[in-house]
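Participant: Provided herewith: protein10.tsv, TSV, C-alpha atoms.
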chain	number	residue	atom	x	y	z
A	1	MET	CA	-24.07	-12.96	25.57
A	2	ALA	CA	-23.87	-9.20	26.20
A	3	GLU	CA	-22.27	-10.07	29.56
A	4	GLU	CA	-19.38	-11.92	27.87
A	5	ARG	CA	-18.65	-9.00	25.53
A	6	ARG	CA	-18.28	-6.57	28.48
A	7	GLU	CA	-15.55	-8.85	29.90
A	8	ILE	CA	-13.18	-8.15	26.98
A	9	THR	CA	-10.39	-5.79	28.00
A	10	LEU	CA	-7.19	-4.68	26.31
A	11	ARG	CA	-3.84	-4.22	28.07
A	12	ARG	CA	-0.15	-4.28	27.27
A	13	PHE	CA	1.56	-7.68	27.13
A	14	ASP	CA	4.05	-8.90	29.69
A	15	LEU	CA	6.58	-11.71	29.30
A	16	SER	CA	4.59	-13.65	31.90
A	17	ASP	CA	1.83	-13.97	29.26
A	18	LEU	CA	4.06	-16.32	27.26
A	19	ASP	CA	2.11	-19.54	27.96
A	20	ASP	CA	-1.24	-17.92	27.17
A	21	TYR	CA	0.23	-16.39	24.00
A	22	MET	CA	1.57	-19.78	22.90
A	23	VAL	CA	-1.97	-21.19	22.92
A	24	TRP	CA	-3.04	-19.25	19.80
A	25	ALA	CA	0.44	-18.59	18.34
A	26	SER	CA	1.03	-22.34	17.93
A	27	ASP	CA	-2.38	-23.08	16.40
A	28	ASP	CA	-2.49	-23.61	12.62
A	29	ARG	CA	-6.18	-22.69	12.58
A	30	VAL	CA	-5.26	-19.25	13.92
A	31	THR	CA	-2.20	-18.72	11.72
A	32	ALA	CA	-3.78	-20.02	8.50
A	33	PHE	CA	-4.23	-16.48	7.18
A	34	CYS	CA	-1.28	-14.91	9.02
A	35	ARG	CA	1.94	-13.94	7.29
A	36	TRP	CA	3.82	-15.77	10.03
A	37	ASP	CA	3.85	-19.52	10.67
A	38	SER	CA	2.69	-21.23	13.88
A	39	TYR	CA	5.27	-21.19	16.66
A	40	THR	CA	6.64	-24.58	17.67
A	41	ASP	CA	9.25	-23.38	20.17
A	42	LYS	CA	8.27	-21.28	23.17
A	43	GLU	CA	11.74	-19.68	23.20
A	44	ASP	CA	11.14	-18.31	19.69
A	45	LEU	CA	7.88	-16.80	20.91
A	46	ARG	CA	9.56	-15.38	24.01
A	47	ARG	CA	12.15	-13.70	21.76
A	48	TYR	CA	9.36	-12.31	19.53
A	49	MET	CA	7.55	-10.94	22.59
A	50	ARG	CA	10.70	-9.35	23.96
A	51	GLU	CA	11.96	-7.91	20.66
A	52	THR	CA	8.72	-6.95	18.91
A	53	VAL	CA	5.62	-7.14	21.11
A	54	LEU	CA	6.82	-5.42	24.28
A	55	PRO	CA	8.53	-2.40	22.67
A	56	HIS	CA	5.85	-2.02	19.95
A	57	PRO	CA	4.14	1.40	19.69
A	58	TRP	CA	0.70	-0.24	19.68
A	59	PHE	CA	0.29	-3.91	20.57
A	60	ARG	CA	-2.31	-5.15	23.06
A	61	ALA	CA	-3.41	-8.38	24.69
A	62	VAL	CA	-7.10	-9.18	24.21
A	63	CYS	CA	-8.20	-10.40	27.65
A	64	LEU	CA	-11.27	-12.30	28.73
A	65	GLY	CA	-11.75	-12.15	32.48
A	66	GLY	CA	-8.25	-10.64	32.68
A	67	ARG	CA	-6.46	-13.49	30.83
A	68	PRO	CA	-5.04	-13.09	27.29
A	69	ILE	CA	-7.01	-14.98	24.62
A	70	GLY	CA	-5.60	-13.07	21.68
A	71	ALA	CA	-3.77	-10.01	20.43
A	72	VAL	CA	-4.55	-6.84	18.52
A	73	SER	CA	-2.03	-4.42	17.04
A	74	VAL	CA	-1.82	-1.34	14.86
A	75	GLU	CA	1.23	-0.74	12.65
A	76	LEU	CA	1.55	3.03	12.49
A	77	GLY	CA	2.78	4.69	9.30
A	78	ALA	CA	5.48	7.35	9.02
A	79	GLY	CA	6.08	10.28	6.70
A	80	CYS	CA	3.48	10.37	3.94
A	81	ASP	CA	1.80	7.36	5.61
A	82	ARG	CA	1.48	8.94	9.07
A	83	CYS	CA	-2.28	9.40	8.64
A	84	LYS	CA	-2.85	5.66	8.59
A	85	GLY	CA	-2.28	2.51	10.60
A	86	GLU	CA	-2.74	-1.16	9.74
A	87	LEU	CA	-4.80	-3.30	12.10
A	88	GLY	CA	-3.97	-6.92	12.84
A	89	TYR	CA	-5.52	-9.35	15.30
A	90	ALA	CA	-5.58	-13.01	16.30
A	91	LEU	CA	-7.81	-14.89	18.70
A	92	ALA	CA	-7.48	-18.34	20.24
A	93	ALA	CA	-9.76	-20.76	18.34
A	94	ALA	CA	-11.57	-21.86	21.52
A	95	HIS	CA	-13.01	-18.35	21.79
A	96	TRP	CA	-14.15	-17.90	18.20
A	97	GLY	CA	-17.79	-17.24	17.33
A	98	ARG	CA	-18.73	-15.21	20.42
A	99	GLY	CA	-18.10	-11.66	19.21
A	100	HIS	CA	-14.84	-11.25	21.14
A	101	ALA	CA	-12.77	-10.27	18.10
A	102	THR	CA	-15.35	-7.67	17.10
A	103	ALA	CA	-15.36	-6.25	20.63
A	104	ALA	CA	-11.56	-6.16	20.73
A	105	VAL	CA	-11.35	-4.43	17.33
A	106	LYS	CA	-13.87	-1.77	18.38
A	107	MET	CA	-11.96	-1.09	21.59
A	108	ALA	CA	-8.64	-1.01	19.77
A	109	VAL	CA	-9.73	1.53	17.14
A	110	ARG	CA	-11.34	3.76	19.76
A	111	SER	CA	-8.13	3.75	21.77
A	112	VAL	CA	-5.69	4.16	18.91
A	113	PHE	CA	-7.55	7.15	17.39
A	114	ARG	CA	-7.58	8.78	20.81
A	115	GLU	CA	-3.93	8.06	21.58
A	116	VAL	CA	-2.17	8.64	18.25
A	117	GLU	CA	-2.07	12.23	17.03
A	118	GLY	CA	-2.61	12.67	13.32
A	119	LEU	CA	-4.04	9.20	12.80
A	120	GLU	CA	-7.07	9.45	10.51
A	121	ARG	CA	-7.34	6.01	8.96
A	122	VAL	CA	-7.13	2.47	10.34
A	123	GLU	CA	-7.05	-0.11	7.60
A	124	ALA	CA	-7.14	-3.89	7.57
A	125	LEU	CA	-6.20	-6.22	4.71
A	126	VAL	CA	-7.98	-9.56	4.81
A	127	ASP	CA	-7.55	-12.61	2.60
A	128	VAL	CA	-10.51	-12.98	0.23
A	129	ASP	CA	-11.10	-16.47	1.66
A	130	ASN	CA	-11.07	-15.33	5.30
A	131	LYS	CA	-14.81	-14.71	5.58
A	132	ALA	CA	-14.87	-14.82	9.39
A	133	SER	CA	-12.39	-11.96	9.64
A	134	GLN	CA	-14.27	-9.95	7.01
A	135	ARG	CA	-17.41	-10.31	9.14
A	136	VAL	CA	-15.56	-9.09	12.25
A	137	LEU	CA	-14.57	-5.89	10.47
A	138	GLU	CA	-18.01	-5.33	8.96
A	139	LYS	CA	-19.63	-5.78	12.38
A	140	ALA	CA	-17.12	-3.33	13.84
A	141	GLY	CA	-18.20	-0.70	11.30
A	142	PHE	CA	-15.32	-0.85	8.82
A	143	ALA	CA	-16.07	0.01	5.19
A	144	ARG	CA	-15.07	-2.45	2.47
A	145	GLU	CA	-13.13	-0.44	-0.12
A	146	GLY	CA	-12.20	-3.06	-2.71
A	147	VAL	CA	-10.10	-6.10	-3.55
A	148	LEU	CA	-6.36	-5.62	-4.05
A	149	ARG	CA	-5.34	-8.41	-6.40
A	150	LYS	CA	-2.18	-10.43	-5.78
A	151	SER	CA	-1.20	-8.14	-2.94
A	152	MET	CA	0.38	-10.51	-0.48
A	153	VAL	CA	2.37	-13.72	-0.39
A	154	LEU	CA	0.77	-16.13	2.09
A	155	LYS	CA	2.44	-19.50	2.71
A	156	GLY	CA	4.15	-19.28	-0.68
A	157	ARG	CA	1.14	-18.20	-2.78
A	158	THR	CA	0.16	-14.72	-3.93
A	159	ARG	CA	-3.26	-13.80	-2.57
A	160	ASP	CA	-6.02	-11.29	-3.24
A	161	LEU	CA	-6.82	-9.13	-0.22
A	162	VAL	CA	-9.93	-7.21	0.72
A	163	MET	CA	-9.15	-3.67	1.92
A	164	PHE	CA	-11.23	-2.38	4.83
A	165	SER	CA	-10.94	0.97	6.52
A	166	LEU	CA	-12.31	2.99	9.38
A	167	ILE	CA	-11.82	6.75	9.37
A	168	SER	CA	-11.58	8.67	12.64
A	169	THR	CA	-14.78	10.51	11.75
A	170	ASP	CA	-16.76	7.31	11.00
A	171	ALA	CA	-19.19	6.25	13.69
A	172	LEU	CA	-18.35	2.93	15.30
A	173	VAL	CA	-21.21	0.44	15.17
A	174	ASP	CA	-22.53	-0.08	18.69
B	1	MET	CA	25.04	-1.19	-19.09
B	2	GLN	CA	22.06	-2.21	-21.14
B	3	THR	CA	20.44	0.63	-23.03
B	4	ASP	CA	16.85	0.86	-22.04
B	5	SER	CA	14.82	2.36	-24.84
B	6	ALA	CA	11.29	1.29	-25.61
B	7	ALA	CA	9.37	2.76	-28.52
B	8	VAL	CA	5.61	2.42	-28.60
B	9	PRO	CA	4.17	1.90	-32.07
B	10	PRO	CA	1.11	3.98	-32.98
B	11	ASN	CA	-2.14	2.23	-32.13
B	12	HIS	CA	-4.48	0.89	-34.75
B	13	ASP	CA	-7.37	3.11	-33.78
B	14	HIS	CA	-7.30	5.64	-36.59
B	15	ARG	CA	-9.46	8.07	-34.70
B	16	LYS	CA	-6.76	8.81	-32.14
B	17	GLN	CA	-3.03	8.44	-32.78
B	18	GLU	CA	-0.94	8.03	-29.65
B	19	PRO	CA	2.38	9.86	-29.94
B	20	GLU	CA	5.66	7.97	-30.32
B	21	ILE	CA	7.63	8.16	-27.12
B	22	THR	CA	10.83	6.60	-25.89
B	23	LEU	CA	12.02	5.85	-22.37
B	24	ARG	CA	15.64	6.14	-21.27
B	25	PRO	CA	17.58	6.55	-18.02
B	26	PHE	CA	18.29	10.09	-16.86
B	27	ASP	CA	21.65	11.80	-17.01
B	28	LEU	CA	22.80	14.77	-14.92
B	29	SER	CA	22.84	16.81	-18.13
B	30	ASP	CA	19.02	16.47	-18.22
B	31	VAL	CA	18.71	18.88	-15.29
B	32	GLY	CA	17.38	21.72	-17.47
B	33	ALA	CA	14.60	19.60	-18.97
B	34	PHE	CA	13.91	18.09	-15.55
B	35	MET	CA	13.35	21.56	-14.09
B	36	THR	CA	10.58	22.18	-16.65
B	37	TRP	CA	8.17	19.89	-14.87
B	38	ALA	CA	9.83	19.53	-11.46
B	39	SER	CA	9.52	23.24	-10.70
B	40	ASP	CA	5.92	23.55	-11.91
B	41	PRO	CA	3.30	23.55	-9.12
B	42	ARG	CA	0.65	22.44	-11.63
B	43	VAL	CA	2.64	19.22	-12.04
B	44	THR	CA	3.83	18.79	-8.46
B	45	ARG	CA	0.35	19.40	-7.07
B	46	PHE	CA	-0.28	15.65	-6.94
B	47	GLN	CA	3.24	14.62	-5.89
B	48	ARG	CA	4.72	14.11	-2.47
B	49	ARG	CA	7.59	16.48	-3.20
B	50	GLY	CA	6.88	20.16	-3.67
B	51	PRO	CA	8.33	22.05	-6.65
B	52	CYS	CA	12.12	22.20	-7.13
B	53	THR	CA	13.22	25.70	-6.18
B	54	SER	CA	16.49	25.88	-8.12
B	55	GLU	CA	18.60	24.04	-10.67
B	56	GLU	CA	20.95	23.11	-7.80
B	57	ASP	CA	17.99	21.58	-5.96
B	58	ALA	CA	17.04	19.62	-9.11
B	59	ARG	CA	20.63	18.50	-9.73
B	60	ARG	CA	20.88	17.21	-6.16
B	61	TYR	CA	17.58	15.33	-6.55
B	62	LEU	CA	18.76	13.78	-9.82
B	63	ALA	CA	22.07	12.71	-8.27
B	64	ASP	CA	20.73	11.49	-4.92
B	65	HIS	CA	17.38	10.02	-5.87
B	66	VAL	CA	16.85	9.58	-9.62
B	67	LEU	CA	20.18	8.16	-10.82
B	68	PRO	CA	20.52	5.48	-8.09
B	69	HIS	CA	16.79	4.58	-8.25
B	70	PRO	CA	15.88	0.94	-9.09
B	71	TRP	CA	13.81	2.08	-12.11
B	72	TYR	CA	13.48	5.71	-13.14
B	73	ARG	CA	13.12	6.77	-16.78
B	74	ALA	CA	12.85	9.96	-18.79
B	75	ILE	CA	9.78	10.10	-21.04
B	76	CYS	CA	11.10	11.46	-24.35
B	77	VAL	CA	9.28	12.91	-27.35
B	78	ASP	CA	11.53	13.34	-30.41
B	79	GLY	CA	14.40	12.36	-28.11
B	80	ARG	CA	13.80	15.22	-25.64
B	81	PRO	CA	12.70	14.56	-22.02
B	82	VAL	CA	9.20	15.87	-21.33
B	83	GLY	CA	8.49	13.95	-18.15
B	84	SER	CA	9.43	10.96	-16.05
B	85	ILE	CA	8.11	7.61	-14.92
B	86	ASN	CA	9.40	5.39	-12.15
B	87	ALA	CA	8.67	2.03	-10.55
B	88	LYS	CA	9.38	1.24	-6.92
B	89	PRO	CA	9.64	-2.48	-6.16
B	90	GLY	CA	8.44	-3.91	-2.85
B	91	GLN	CA	11.00	-4.87	-0.22
B	92	GLY	CA	12.01	-8.44	0.60
B	93	GLU	CA	9.09	-10.81	0.18
B	94	GLU	CA	7.09	-8.01	-1.46
B	95	ARG	CA	9.37	-8.01	-4.50
B	96	PHE	CA	6.52	-9.46	-6.55
B	97	LYS	CA	4.84	-6.05	-6.68
B	98	ALA	CA	5.91	-2.56	-7.69
B	99	SER	CA	4.25	0.84	-7.58
B	100	ILE	CA	4.40	3.22	-10.53
B	101	ALA	CA	4.34	7.01	-10.59
B	102	TYR	CA	4.72	9.45	-13.48
B	103	ARG	CA	4.60	13.14	-14.25
B	104	LEU	CA	4.65	15.18	-17.42
B	105	ALA	CA	5.51	18.77	-18.28
B	106	TYR	CA	2.30	20.80	-18.36
B	107	GLN	CA	2.63	21.89	-22.00
B	108	HIS	CA	2.52	18.24	-23.09
B	109	TRP	CA	-0.66	17.27	-21.26
B	110	GLY	CA	-3.71	16.07	-23.20
B	111	ARG	CA	-1.84	14.36	-26.07
B	112	GLY	CA	-1.72	10.77	-24.80
B	113	ILE	CA	1.97	10.94	-23.90
B	114	ALA	CA	1.54	9.72	-20.34
B	115	THR	CA	-0.59	6.80	-21.51
B	116	ALA	CA	2.00	5.83	-24.14
B	117	ALA	CA	4.79	6.12	-21.56
B	118	LEU	CA	2.88	3.99	-19.09
B	119	ARG	CA	2.27	1.26	-21.67
B	120	ALA	CA	5.96	1.27	-22.58
B	121	ALA	CA	7.01	1.21	-18.94
B	122	VAL	CA	4.70	-1.73	-18.19
B	123	SER	CA	6.13	-3.68	-21.16
B	124	SER	CA	9.69	-3.04	-20.03
B	125	LEU	CA	9.03	-3.84	-16.38
B	126	LEU	CA	7.25	-7.12	-17.07
B	127	GLU	CA	10.22	-8.15	-19.22
B	128	GLU	CA	12.98	-6.94	-16.88
B	129	TRP	CA	11.38	-8.23	-13.67
B	130	PRO	CA	9.97	-11.67	-14.48
B	131	HIS	CA	9.19	-12.23	-10.77
B	132	LEU	CA	6.68	-9.37	-10.88
B	133	ASP	CA	3.01	-10.32	-10.33
B	134	ARG	CA	1.45	-6.91	-9.72
B	135	LEU	CA	1.99	-3.31	-10.80
B	136	GLU	CA	0.01	-0.74	-8.87
B	137	ALA	CA	-0.54	2.98	-8.95
B	138	ILE	CA	-2.63	5.43	-7.00
B	139	ALA	CA	-4.28	8.55	-8.34
B	140	GLU	CA	-5.90	11.17	-6.16
B	141	VAL	CA	-9.66	11.31	-6.33
B	142	GLU	CA	-9.21	14.93	-7.46
B	143	ASN	CA	-6.97	13.87	-10.35
B	144	PRO	CA	-9.32	12.37	-12.97
B	145	ALA	CA	-6.78	12.95	-15.77
B	146	SER	CA	-4.36	10.53	-14.13
B	147	GLN	CA	-7.16	8.05	-13.52
B	148	ARG	CA	-7.94	8.09	-17.24
B	149	VAL	CA	-4.26	7.51	-18.10
B	150	LEU	CA	-4.23	4.40	-15.93
B	151	GLU	CA	-7.51	3.11	-17.35
B	152	LYS	CA	-6.39	3.67	-20.95
B	153	ALA	CA	-3.16	1.83	-20.20
B	154	GLY	CA	-5.13	-1.21	-19.06
B	155	PHE	CA	-5.02	-0.83	-15.28
B	156	LEU	CA	-8.03	-2.01	-13.29
B	157	ARG	CA	-9.65	0.28	-10.74
B	158	GLU	CA	-9.74	-1.64	-7.46
B	159	GLY	CA	-11.30	0.85	-5.09
B	160	LEU	CA	-11.34	4.22	-3.41
B	161	LEU	CA	-9.06	4.33	-0.37
B	162	ARG	CA	-10.04	7.07	2.01
B	163	LYS	CA	-7.38	9.28	3.64
B	164	TYR	CA	-4.74	6.91	2.36
B	165	VAL	CA	-1.73	9.21	2.05
B	166	MET	CA	-0.54	12.63	3.20
B	167	LEU	CA	0.23	15.12	0.45
B	168	HIS	CA	1.19	18.71	1.11
B	169	GLY	CA	0.05	18.50	4.72
B	170	LYS	CA	-3.39	16.97	4.15
B	171	SER	CA	-4.65	13.40	4.05
B	172	ARG	CA	-6.02	12.48	0.60
B	173	ASP	CA	-8.53	10.05	-0.83
B	174	VAL	CA	-7.00	8.03	-3.65
B	175	VAL	CA	-8.07	5.45	-6.20
B	176	MET	CA	-6.01	2.27	-6.31
B	177	TYR	CA	-5.26	0.73	-9.70
B	178	SER	CA	-3.42	-2.44	-10.62
B	179	LEU	CA	-2.24	-4.41	-13.60
B	180	LEU	CA	-1.35	-8.07	-13.20
B	181	ALA	CA	1.56	-9.67	-15.03
B	182	ALA	CA	-0.69	-12.62	-15.80
B	183	GLY	CA	-3.46	-10.38	-17.12
B	184	PRO	CA	-4.47	-9.71	-20.74
B	185	LYS	CA	-1.46	-8.82	-22.85
B	186	LEU	CA	-0.97	-5.19	-23.92
B	187	ARG	CA	-0.94	-4.52	-27.63
When written as structure tokens, how does the structure in this file appear?
Facilitator:
Amino acid sequence: MAEERREITLRRFDLSDLDDYMVWASDDRVTAFCRWDSYTDKEDLRRYMRETVLPHPWFRAVCLGGRPIGAVSVELGAGCDRCKGELGYALAAAHWGRGHATAAVKMAVRSVFREVEGLERVEALVDVDNKASQRVLEKAGFAREGVLRKSMVLKGRTRDLVMFSLISTDALVD
Amino acid sequence: MQTDSAAVPPNHDHRKQEPEITLRPFDLSDVGAFMTWASDPRVTRFQRRGPCTSEEDARRYLADHVLPHPWYRAICVDGRPVGSINAKPGQGEERFKASIAYRLAYQHWGRGIATAALRAAVSSLLEEWPHLDRLEAIAEVENPASQRVLEKAGFLREGLLRKYVMLHGKSRDVVMYSLLAAGPKLR
């Protein structure tokens, strides 16, 4: 099992990753707790990759054996919010339950703190019902700060979110 | 234009009478009163903006930021502005929530004015914005007075958010508070 975790790498996306991306982006199990809906048209996903993913300040493919099985991104704040970034991630369902998301999150926060000057806080907001994702963050060393009630509209309903954070000076769980 | 004036009746707890305050939109002629708190570092200490340096600076801020703001009100005692309170709605699909901020001239601290203003603002906002589900506010960890105002006004403490926002060049720990539209009714 330790062997599989070492195979997780992060890299920038390329348009040639479209088919791999479509695997998780079209899966309702993956998008159940995402603000966006599953993609049904590859051209829509290609446009999203070209317009948002490729030029994004911090958006990475989560690769297993060099092939994308998911994505991880950090939305960086500006102005008064420049000390923080919001983490997001998605993983193809076939690869759930093996620690790959936790490994990807740990790698992502290490990299983003190193690369982005002035970043002190990485936060993640997780639906109260998304227990699997809460476990990923706990295993990666994030601190649970509290529940923000009715903080997000998900598929037409307002949801409570759990706020997690990792500060640049926190030790990552290893 | 609808006049926006909310009076808060005194509470029924005879041990502590909350002052009667009213809320109204600002006018450029309020610049003098505005300067009282906007130029005071004791007040601006917990705000993103530093102190106003001149009446011209304050006038420009009133004209460019306060008057066109979605919801910005003068807190008045005996009809005179002694502070301000504002609500910033979320954008697009986040319209269901709004964040509140307030500040009061230093000489009026410790009399329950901010609490009364916050209660009045919440009442008005829930009425004017029926699509609102959540009102939120943050108070710096080092600002227990503001935390008490929020708690007295019925906000729930949700958690301590570390290094959440930059203020005066440093990242700050804050406490997040919220009040739900569907929650227990205010008196």
Participant: Just need the residues of chain A within 9 Å of chain B, counting all atoms listed in the file, so spit them out as a list in words.
Facilitator: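 For chain A, the answer reads Gly79, Cys80, Asp81, Arg82, Cys83, Lys84, Glu120, Arg121, Glu145, Gly146, Val147, Leu148, Arg149, Lys150, Ser151, Met152, Val153, Thr158, Met163, Phe164, Ser165, Leu166 and Ile167 of chain A.
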Participant: Have a look at B:Ile113, B:Pro89, B:Ala98, B:Pro25 and name the one nearest to Pro68 in chain B; count only C-alpha atoms.
Facilitator: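 The shortest atom-to-atom distance to Pro68 in chain B comes from B:Pro25.
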Participant: Neighbouring residues of Arg35 in chain A were defined as those with any atom within 7 Å, considering only C-alpha atoms; residues of the same chain fewer than 2 positions away were excluded. Please report them as a ChimeraX atom specification.
Facilitator: /A:33,37,154
Participant: Mind pulling up the distance from CA of Tyr89 in chain A to CA of Asp44 in chain A?
Facilitator: 19.4 Å
Participant: What does the distance from CA of Ala32 in chain A to CA of Arg67 in chain A come to in Å, to one decimal?
Facilitator: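 Result for CA of Ala32 in chain A versus CA of Arg67 in chain A: 23.4 Å, one decimal.
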Participant: Quick check, in Å to one decimal: how far apart do CA of Asp160 in chain A and CA of Asp127 in chain A lie?
Facilitator: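 The value is 6.2 Å.
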Participant: For range 33-35 of chain B, find every residue with an atom within 7 Å (counting all atoms listed in the file), except residues of its own chain fewer than 6 positions away, and show them as a ChimeraX atom specification.
Facilitator: /B:55,58,81-82
Participant: Write out as a PyMOL selection string each polymer residue whose atoms come within 7 Å of range 141-143 of chain B, counting only C-alpha atoms; drop sequence neighbours fewer than 2 positions from it.
Facilitator: chain B and resi 139+145-147+173-175
Participant: Within 12 Å of (20.9, 16.0, -8.6), in the coordinates the file gives, what residues turn up when you count all atoms listed in the file, written out as an MDAnalysis selection string?
Facilitator: chainID B and resid 26:32 34:35 38 52 54:68
Participant: Keeping only C-alpha atoms, write the selected residues to a file as a PDB file, in the frame of the given file.
Facilitator:
ATOM      1  CA  PHE B  26      18.290  10.090 -16.860  1.00  0.00           C
ATOM      2  CA  ASP B  27      21.650  11.800 -17.010  1.00  0.00           C
ATOM      3  CA  LEU B  28      22.800  14.770 -14.920  1.00  0.00           C
ATOM      4  CA  SER B  29      22.840  16.810 -18.130  1.00  0.00           C
ATOM      5  CA  ASP B  30      19.020  16.470 -18.220  1.00  0.00           C
ATOM      6  CA  VAL B  31      18.710  18.880 -15.290  1.00  0.00           C
ATOM      7  CA  GLY B  32      17.380  21.720 -17.470  1.00  0.00           C
ATOM      8  CA  PHE B  34      13.910  18.090 -15.550  1.00  0.00           C
ATOM      9  CA  MET B  35      13.350  21.560 -14.090  1.00  0.00           C
ATOM     10  CA  ALA B  38       9.830  19.530 -11.460  1.00  0.00           C
ATOM     11  CA  CYS B  52      12.120  22.200  -7.130  1.00  0.00           C
ATOM     12  CA  SER B  54      16.490  25.880  -8.120  1.00  0.00           C
ATOM     13  CA  GLU B  55      18.600  24.040 -10.670  1.00  0.00           C
ATOM     14  CA  GLU B  56      20.950  23.110  -7.800  1.00  0.00           C
ATOM     15  CA  ASP B  57      17.990  21.580  -5.960  1.00  0.00           C
ATOM     16  CA  ALA B  58      17.040  19.620  -9.110  1.00  0.00           C
ATOM     17  CA  ARG B  59      20.630  18.500  -9.730  1.00  0.00           C
ATOM     18  CA  ARG B  60      20.880  17.210  -6.160  1.00  0.00           C
ATOM     19  CA  TYR B  61      17.580  15.330  -6.550  1.00  0.00           C
ATOM     20  CA  LEU B  62      18.760  13.780  -9.820  1.00  0.00           C
ATOM     21  CA  ALA B  63      22.070  12.710  -8.270  1.00  0.00           C
ATOM     22  CA  ASP B  64      20.730  11.490  -4.920  1.00  0.00           C
ATOM     23  CA  HIS B  65      17.380  10.020  -5.870  1.00  0.00           C
ATOM     24  CA  VAL B  66      16.850   9.580  -9.620  1.00  0.00           C
ATOM     25  CA  LEU B  67      20.180   8.160 -10.820  1.00  0.00           C
ATOM     26  CA  PRO B  68      20.520   5.480  -8.090  1.00  0.00           C
TER      27      PRO B  68
END
Participant: Residues within 8 Å of range 14-27 of chain A, please, as a PyMOL selection string. Count all atoms listed in the file; anything in the same chain fewer than 3 positions from it doesn't count.
Facilitator: chain A and resi 30-31+38-40+42+45-46+49-50+54+67-70+90-93
Participant: Would you mind exporting the chosen residues as a PDB file, keeping the file's coordinate frame, restricted to C-alpha atoms?
Facilitator:
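This is the output file part_30.pdb:
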ATOM      1  CA  VAL A  30      -5.260 -19.250  13.920  1.00  0.00           C
ATOM      2  CA  THR A  31      -2.200 -18.720  11.720  1.00  0.00           C
ATOM      3  CA  SER A  38       2.690 -21.230  13.880  1.00  0.00           C
ATOM      4  CA  TYR A  39       5.270 -21.190  16.660  1.00  0.00           C
ATOM      5  CA  THR A  40       6.640 -24.580  17.670  1.00  0.00           C
ATOM      6  CA  LYS A  42       8.270 -21.280  23.170  1.00  0.00           C
ATOM      7  CA  LEU A  45       7.880 -16.800  20.910  1.00  0.00           C
ATOM      8  CA  ARG A  46       9.560 -15.380  24.010  1.00  0.00           C
ATOM      9  CA  MET A  49       7.550 -10.940  22.590  1.00  0.00           C
ATOM     10  CA  ARG A  50      10.700  -9.350  23.960  1.00  0.00           C
ATOM     11  CA  LEU A  54       6.820  -5.420  24.280  1.00  0.00           C
ATOM     12  CA  ARG A  67      -6.460 -13.490  30.830  1.00  0.00           C
ATOM     13  CA  PRO A  68      -5.040 -13.090  27.290  1.00  0.00           C
ATOM     14  CA  ILE A  69      -7.010 -14.980  24.620  1.00  0.00           C
ATOM     15  CA  GLY A  70      -5.600 -13.070  21.680  1.00  0.00           C
ATOM     16  CA  ALA A  90      -5.580 -13.010  16.300  1.00  0.00           C
ATOM     17  CA  LEU A  91      -7.810 -14.890  18.700  1.00  0.00           C
ATOM     18  CA  ALA A  92      -7.480 -18.340  20.240  1.00  0.00           C
ATOM     19  CA  ALA A  93      -9.760 -20.760  18.340  1.00  0.00           C
TER      20      ALA A  93
END
Participant: So that all listed atoms of range 164-175 of chain B fit with 5 Å spare on each side, what axis-aligned box centre and edge lengths in Å, to one decimal, would you give as AutoDock Vina command-line options?
Facilitator:
--center_x -3.7 --center_y 12.1 --center_z -0.7 --size_x 19.7 --size_y 23.3 --size_z 20.9
